[in-house]
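See below for the structure under consideration.
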Amino acid sequence: RFRSSQSANNKAPIHRAAMKETLAAGLLLQAGWDKLIDAARGDGEGAVLIDPMTGSGTLPTEAALIACDMAPGLLRIASWRGNERGGGKNPHRYPPCIRWKDFSTVDTWDELIAKAAQRAKSGMKWARSSSSESGKRNVNILCNEKNPRAVHLARTSIRNAGLNSMVSLSEGDCFDWDLSGSNAGDVIEGRTIFVCNPPWGLRLTQDIDESWVSLREFLRREAGGCESWVLSGNKDLTKILRMKKSRTVVIKTADEDLRWLQYHIFKKSEVAQVLS
C-alpha cells in the first residue's frame, strides 16, 4: 500500500537530504495512519496528522495521498498518460504485468487504472470534506518547517500533488509553533498522530542539538494525550527528548541504521498527578 507522490511532469526539486516517498509511506503505515483514516471514515470523528519539522514535506504529502486512497504510482501514471496525448512516449502503456502468463489484456490494465483513478477521486472528495455528524474535517494535516529553502520545496511538492486544500504548511521554529492559536481545536485527543524526521547527522552540531530541544518543547506543550513518532539515526540526539519511548521499529535503508520511535505524550494534568 505504498504511495508515491512523484509526478513525471510536475516533479519538484529534491533536497539532498529528502526522505524517499516509499520510506515515508511505510513509516506512516507503521504508525497506524491508515487505520486512523479507516476509523474516521467509519465514525466521522476525523483524523489529524501533525509534522513540526517537515523538511521538504514528504511525510505530510504521503499522508494526504494515503487519506485519499491514492494507488501507488497513480500520479506518475496519470501524468505520463497526459503526456502521451501530446505525442510523448508512455512507459506505463505496456507495464511488466501484461507479460505474465495469467494476465489477460492491456484492456484489463486500463480498467484497473480507471478504477484506481475513480477511487482516488472519491477519496479526495471525502478527505477534503467535513463530517455531517461532528462538523469536524475528515482529514486535517498540519506541518511546519524552519528552513526557507525546504519550505519552498515542501510547498512545491504539496501543490504539484494537488493537495493544497488538505495540507497546511507553516514557516518557523516549531518551538514557537502554537497550535492553540489559529489552529485551536485541530488537535483531537485519540485521533491525532504527530510524526517527525528531525535532523540527525552523525556529526553533532549546536544547530542540530537546538533543533531537538525545540522538538522536545513542542511535543511537551502541544502533543499531550497524543501519540508521537520520531525518526532518528543518532541515539545521542534521541536522549535530548528526555522521554521514554513506547516502541522502537528498526529501519535499515541504504547505509543508514535508523529507528522509528513511538512516544505516548502525557497530558500536563497526568504529569502533575504522577509528581504529586
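We name chains A, B, ... following the order of the C-alpha cells; residues begin at 1 in each chain, and ligands are numbered from 1 as shown.
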
Skipping near chain neighbours, those fewer than 5 positions away, what residues fall within 12 Å of Asn138 (chain A) using only C-alpha atoms, listed as a short mmCIF file (atom, residue, chain, number, x, y, z; two decimals) with C-alpha atoms, in the first residue's frame?
```cif
data_model
loop_
_atom_site.label_atom_id
_atom_site.label_comp_id
_atom_site.auth_asym_id
_atom_site.auth_seq_id
_atom_site.Cartn_x
_atom_site.Cartn_y
_atom_site.Cartn_z
CA LEU A 36 -6.83 6.18 11.78
CA ILE A 37 -8.17 7.08 8.33
CA ASP A 38 -10.34 3.95 8.31
CA ALA A 39 -11.70 4.92 11.75
CA ALA A 40 -12.50 8.43 10.52
CA ARG A 41 -14.38 7.01 7.55
CA GLY A 42 -16.41 4.89 9.94
CA ASP A 43 -17.36 7.30 12.71
CA GLY A 44 -16.82 10.79 11.25
CA GLU A 45 -14.63 11.90 14.15
CA GLY A 46 -11.75 12.94 11.89
CA ALA A 47 -8.06 12.09 11.56
CA VAL A 48 -5.26 14.57 12.23
CA LEU A 49 -1.56 14.38 11.38
CA ALA A 64 -2.58 13.02 2.32
CA ALA A 67 -6.01 9.50 3.16
CA CYS A 68 -7.25 9.97 -0.43
CA GLY A 123 -11.19 9.54 -1.65
CA MET A 124 -10.00 13.08 -2.24
CA LYS A 125 -13.57 14.39 -2.13
CA TRP A 126 -14.10 12.68 1.23
CA ALA A 127 -10.76 13.82 2.65
CA ARG A 128 -11.45 17.44 1.75
CA SER A 129 -14.93 17.38 3.30
CA SER A 130 -16.23 17.73 6.85
CA SER A 131 -18.33 15.21 8.75
CA SER A 132 -22.06 15.93 8.62
CA GLU A 133 -22.37 14.47 12.13
CA MET A 166 -5.62 19.32 2.59
CA ASP A 186 -7.20 20.95 15.42
CA ILE A 188 -8.09 15.85 18.70
CA ARG A 191 -7.38 10.98 16.71
CA THR A 192 -4.09 12.84 16.23
#
```

| field | Neighbour list for region 113-116 of chain A as JSON, numbers by chain, cut-off 10 Å, only C-alpha atoms, skip fewer than 6 positions in-chain | value | {"A": [69, 70, 71, 72, 74, 77, 78, 107, 122]}

| request: May I have all residues of region 55-158 of chain A that DSSP, computed from the backbone, assigns to alpha helix (DSSP H), given as a PyMOL selection string? | output: chain A and resi 58-67+74-85+106-128+148-158

| task | Measuring atom to atom with only C-alpha atoms, identify which of A:Trp229, A:Trp100, A:Trp177, A:Trp109 is nearest to Leu59 (chain A). | result |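 Using only C-alpha atoms, the shortest distance to Leu59 (chain A) belongs to A:Trp229.
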
| request: Mind checking which residues fall within 12 Å of Arg155 (chain A), counting only C-alpha atoms, ignoring those fewer than 4 positions away in the same chain, and posting them as a PyMOL selection string? | output: chain A and resi 12-13+54-58+60-61+143-145+148-151+159-165+167-171

Based on the selection just made, write N, CA, C and O atoms of those residues as an mmCIF file, in the first residue's frame.
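Dumped to again-v1.cif:
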```
data_model
loop_
_atom_site.group_PDB
_atom_site.id
_atom_site.type_symbol
_atom_site.label_atom_id
_atom_site.label_comp_id
_atom_site.auth_asym_id
_atom_site.auth_seq_id
_atom_site.Cartn_x
_atom_site.Cartn_y
_atom_site.Cartn_z
ATOM 1 N N ALA A 12 8.981 17.993 -8.278
ATOM 2 C CA ALA A 12 9.601 19.105 -7.566
ATOM 3 C C ALA A 12 11.092 18.861 -7.415
ATOM 4 O O ALA A 12 11.551 17.723 -7.434
ATOM 5 N N PRO A 13 11.884 19.944 -7.253
ATOM 6 C CA PRO A 13 13.303 19.768 -6.968
ATOM 7 C C PRO A 13 13.473 18.957 -5.692
ATOM 8 O O PRO A 13 12.688 19.086 -4.756
ATOM 9 N N THR A 54 8.941 19.372 8.954
ATOM 10 C CA THR A 54 8.537 18.607 7.778
ATOM 11 C C THR A 54 9.584 18.518 6.682
ATOM 12 O O THR A 54 9.449 17.719 5.763
ATOM 13 N N GLY A 55 10.634 19.346 6.746
ATOM 14 C CA GLY A 55 11.639 19.309 5.682
ATOM 15 C C GLY A 55 11.014 19.665 4.346
ATOM 16 O O GLY A 55 10.341 20.685 4.206
ATOM 17 N N SER A 56 11.179 18.797 3.358
ATOM 18 C CA SER A 56 10.603 19.059 2.032
ATOM 19 C C SER A 56 9.169 18.551 1.905
ATOM 20 O O SER A 56 8.630 18.499 0.803
ATOM 21 N N GLY A 57 8.562 18.159 3.017
ATOM 22 C CA GLY A 57 7.133 17.844 3.029
ATOM 23 C C GLY A 57 6.752 16.439 2.626
ATOM 24 O O GLY A 57 5.589 16.184 2.312
ATOM 25 N N THR A 58 7.688 15.499 2.674
ATOM 26 C CA THR A 58 7.385 14.152 2.197
ATOM 27 C C THR A 58 6.371 13.434 3.073
ATOM 28 O O THR A 58 5.429 12.808 2.562
ATOM 29 N N PRO A 60 3.895 14.642 5.217
ATOM 30 C CA PRO A 60 2.506 15.098 5.069
ATOM 31 C C PRO A 60 1.937 14.841 3.681
ATOM 32 O O PRO A 60 0.739 14.564 3.546
ATOM 33 N N THR A 61 2.779 14.915 2.646
ATOM 34 C CA THR A 61 2.291 14.641 1.290
ATOM 35 C C THR A 61 1.847 13.202 1.156
ATOM 36 O O THR A 61 0.759 12.901 0.644
ATOM 37 N N CYS A 143 1.664 20.977 8.972
ATOM 38 C CA CYS A 143 3.114 20.779 9.019
ATOM 39 C C CYS A 143 3.815 22.121 9.152
ATOM 40 O O CYS A 143 3.238 23.183 8.891
ATOM 41 N N ASN A 144 5.061 22.058 9.562
ATOM 42 C CA ASN A 144 5.839 23.264 9.839
ATOM 43 C C ASN A 144 7.300 23.012 9.475
ATOM 44 O O ASN A 144 7.801 21.891 9.602
ATOM 45 N N GLU A 145 7.970 24.057 9.019
ATOM 46 C CA GLU A 145 9.390 23.931 8.683
ATOM 47 C C GLU A 145 10.086 25.277 8.902
ATOM 48 O O GLU A 145 9.525 26.340 8.623
ATOM 49 N N PRO A 148 13.927 28.095 5.042
ATOM 50 C CA PRO A 148 13.176 28.693 3.919
ATOM 51 C C PRO A 148 13.271 27.884 2.629
ATOM 52 O O PRO A 148 12.281 27.773 1.892
ATOM 53 N N ARG A 149 14.440 27.324 2.331
ATOM 54 C CA ARG A 149 14.587 26.540 1.102
ATOM 55 C C ARG A 149 13.744 25.274 1.165
ATOM 56 O O ARG A 149 13.082 24.894 0.194
ATOM 57 N N ALA A 150 13.750 24.623 2.320
ATOM 58 C CA ALA A 150 12.932 23.422 2.487
ATOM 59 C C ALA A 150 11.448 23.771 2.412
ATOM 60 O O ALA A 150 10.647 23.001 1.875
ATOM 61 N N VAL A 151 11.072 24.942 2.946
ATOM 62 C CA VAL A 151 9.671 25.384 2.868
ATOM 63 C C VAL A 151 9.244 25.510 1.413
ATOM 64 O O VAL A 151 8.148 25.088 1.028
ATOM 65 N N ARG A 159 1.761 21.378 -3.702
ATOM 66 C CA ARG A 159 0.975 21.957 -4.799
ATOM 67 C C ARG A 159 0.938 21.025 -6.007
ATOM 68 O O ARG A 159 -0.118 20.817 -6.614
ATOM 69 N N ASN A 160 2.072 20.447 -6.373
ATOM 70 C CA ASN A 160 2.127 19.569 -7.547
ATOM 71 C C ASN A 160 1.274 18.321 -7.380
ATOM 72 O O ASN A 160 0.794 17.756 -8.359
ATOM 73 N N ALA A 161 1.104 17.888 -6.134
ATOM 74 C CA ALA A 161 0.272 16.712 -5.876
ATOM 75 C C ALA A 161 -1.205 17.081 -5.756
ATOM 76 O O ALA A 161 -2.047 16.202 -5.558
ATOM 77 N N GLY A 162 -1.535 18.376 -5.886
ATOM 78 C CA GLY A 162 -2.926 18.813 -5.795
ATOM 79 C C GLY A 162 -3.491 18.750 -4.394
ATOM 80 O O GLY A 162 -4.693 18.518 -4.216
ATOM 81 N N LEU A 163 -2.648 18.977 -3.385
ATOM 82 C CA LEU A 163 -3.061 18.767 -2.000
ATOM 83 C C LEU A 163 -3.101 20.054 -1.176
ATOM 84 O O LEU A 163 -3.139 20.008 0.053
ATOM 85 N N ASN A 164 -3.109 21.207 -1.833
ATOM 86 C CA ASN A 164 -3.098 22.481 -1.111
ATOM 87 C C ASN A 164 -4.256 22.615 -0.130
ATOM 88 O O ASN A 164 -4.104 23.204 0.945
ATOM 89 N N SER A 165 -5.411 22.090 -0.499
ATOM 90 C CA SER A 165 -6.591 22.237 0.355
ATOM 91 C C SER A 165 -6.580 21.274 1.542
ATOM 92 O O SER A 165 -7.385 21.415 2.462
ATOM 93 N N VAL A 167 -3.368 20.077 3.067
ATOM 94 C CA VAL A 167 -2.149 20.198 3.864
ATOM 95 C C VAL A 167 -1.849 21.665 4.136
ATOM 96 O O VAL A 167 -1.702 22.464 3.207
ATOM 97 N N SER A 168 -1.760 22.012 5.405
ATOM 98 C CA SER A 168 -1.464 23.386 5.815
ATOM 99 C C SER A 168 -0.004 23.465 6.258
ATOM 100 O O SER A 168 0.424 22.705 7.129
ATOM 101 N N LEU A 169 0.769 24.376 5.650
ATOM 102 C CA LEU A 169 2.201 24.499 5.931
ATOM 103 C C LEU A 169 2.497 25.835 6.598
ATOM 104 O O LEU A 169 2.143 26.894 6.081
ATOM 105 N N SER A 170 3.169 25.782 7.756
ATOM 106 C CA SER A 170 3.614 26.984 8.463
ATOM 107 C C SER A 170 5.125 27.086 8.381
ATOM 108 O O SER A 170 5.823 26.080 8.192
ATOM 109 N N GLU A 171 5.638 28.299 8.519
ATOM 110 C CA GLU A 171 7.085 28.507 8.452
ATOM 111 C C GLU A 171 7.585 29.103 9.759
ATOM 112 O O GLU A 171 7.045 30.097 10.239
#
```

| query | Tell me, which residues of region 87-266 of chain A carry DSSP strand (DSSP E or B), written as number ranges by chain? | reply | A: 130, 137, 139-145, 167-171, 192-196, 227-232, 247-253, 256-264

Please produce an output containing C-alpha atoms for each residue in the selection, written as a compact mmCIF listing (two decimals), in the first residue's frame.
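Result written to part-v3.txt:
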```txt
# COMPACT_ATOMS: atom_id res chain seq x y z
CA SER A 130 -16.23 17.73 6.85
CA ARG A 137 -12.85 17.97 8.95
CA VAL A 139 -8.70 14.79 7.40
CA ASN A 140 -6.55 17.58 8.76
CA ILE A 141 -2.80 17.65 8.05
CA LEU A 142 -0.62 20.38 9.54
CA CYS A 143 3.11 20.78 9.02
CA ASN A 144 5.84 23.26 9.84
CA GLU A 145 9.39 23.93 8.68
CA VAL A 167 -2.15 20.20 3.86
CA SER A 168 -1.46 23.39 5.82
CA LEU A 169 2.20 24.50 5.93
CA SER A 170 3.61 26.98 8.46
CA GLU A 171 7.09 28.51 8.45
CA THR A 192 -4.09 12.84 16.23
CA ILE A 193 -0.67 11.47 15.31
CA PHE A 194 2.49 13.57 15.48
CA VAL A 195 5.28 12.48 13.11
CA CYS A 196 8.72 13.95 12.61
CA GLU A 227 0.91 9.58 20.05
CA SER A 228 4.17 10.80 18.51
CA TRP A 229 6.61 9.10 16.14
CA VAL A 230 10.17 10.36 15.62
CA LEU A 231 12.75 9.08 13.12
CA SER A 232 16.31 9.08 14.41
CA ARG A 247 8.09 1.22 20.89
CA THR A 248 11.09 1.00 18.57
CA VAL A 249 10.95 -0.02 14.90
CA VAL A 250 14.32 -0.76 13.30
CA ILE A 251 14.70 0.76 9.82
CA LYS A 252 17.61 -0.11 7.53
CA THR A 253 17.85 1.99 4.38
CA GLU A 256 21.72 4.13 7.41
CA ASP A 257 20.61 2.28 10.52
CA LEU A 258 17.56 4.19 11.76
CA ARG A 259 14.94 3.92 14.48
CA TRP A 260 11.25 4.88 14.17
CA LEU A 261 10.40 5.71 17.77
CA GLN A 262 6.95 5.85 19.28
CA TYR A 263 6.18 8.07 22.27
CA HIS A 264 2.95 8.46 24.21
```

| query | What does the distance from CA of Leu29 (chain A) to CA of Thr108 (chain A) come to in Å, to one decimal? | reply | 28.7 Å

| query | With only C-alpha atoms as the basis for distance, which of A:Thr205, A:Asn197, A:Ala154, A:Glu189 is at the shortest distance from Leu28 (chain A)? | reply |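 Of the candidates, the smallest distance to Leu28 (chain A) is held by A:Asn197.
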
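Excluding Asp209 (chain A) itself and same-chain residues fewer than 3 positions from it, the residues having an atom within 10 Å of it are Pro199, Trp200, Leu204, Thr205, Gln206, Trp212, Val213, Ser214, Leu215, Asp236, Leu237, Thr238 and Ile240 of chain A, counting only C-alpha atoms.
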
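Taking CA of Lys245 (chain A) and CA of Gly185 (chain A) as endpoints, the distance between them is 26.3 Å.
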
| said: Between A:Gly201, A:Thr105, A:Cys174, A:Gly190, which residue has the minimum interatomic distance to Arg216 (chain A), considering only C-alpha atoms? | reply: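 Of all the options, A:Cys174 lies closest to Arg216 (chain A).
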
| query | How many Å separate CA of Met53 (chain A) from CA of Lys146 (chain A)? | reply |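 Computed distance, CA of Met53 (chain A) to CA of Lys146 (chain A), equals 7.4 Å.
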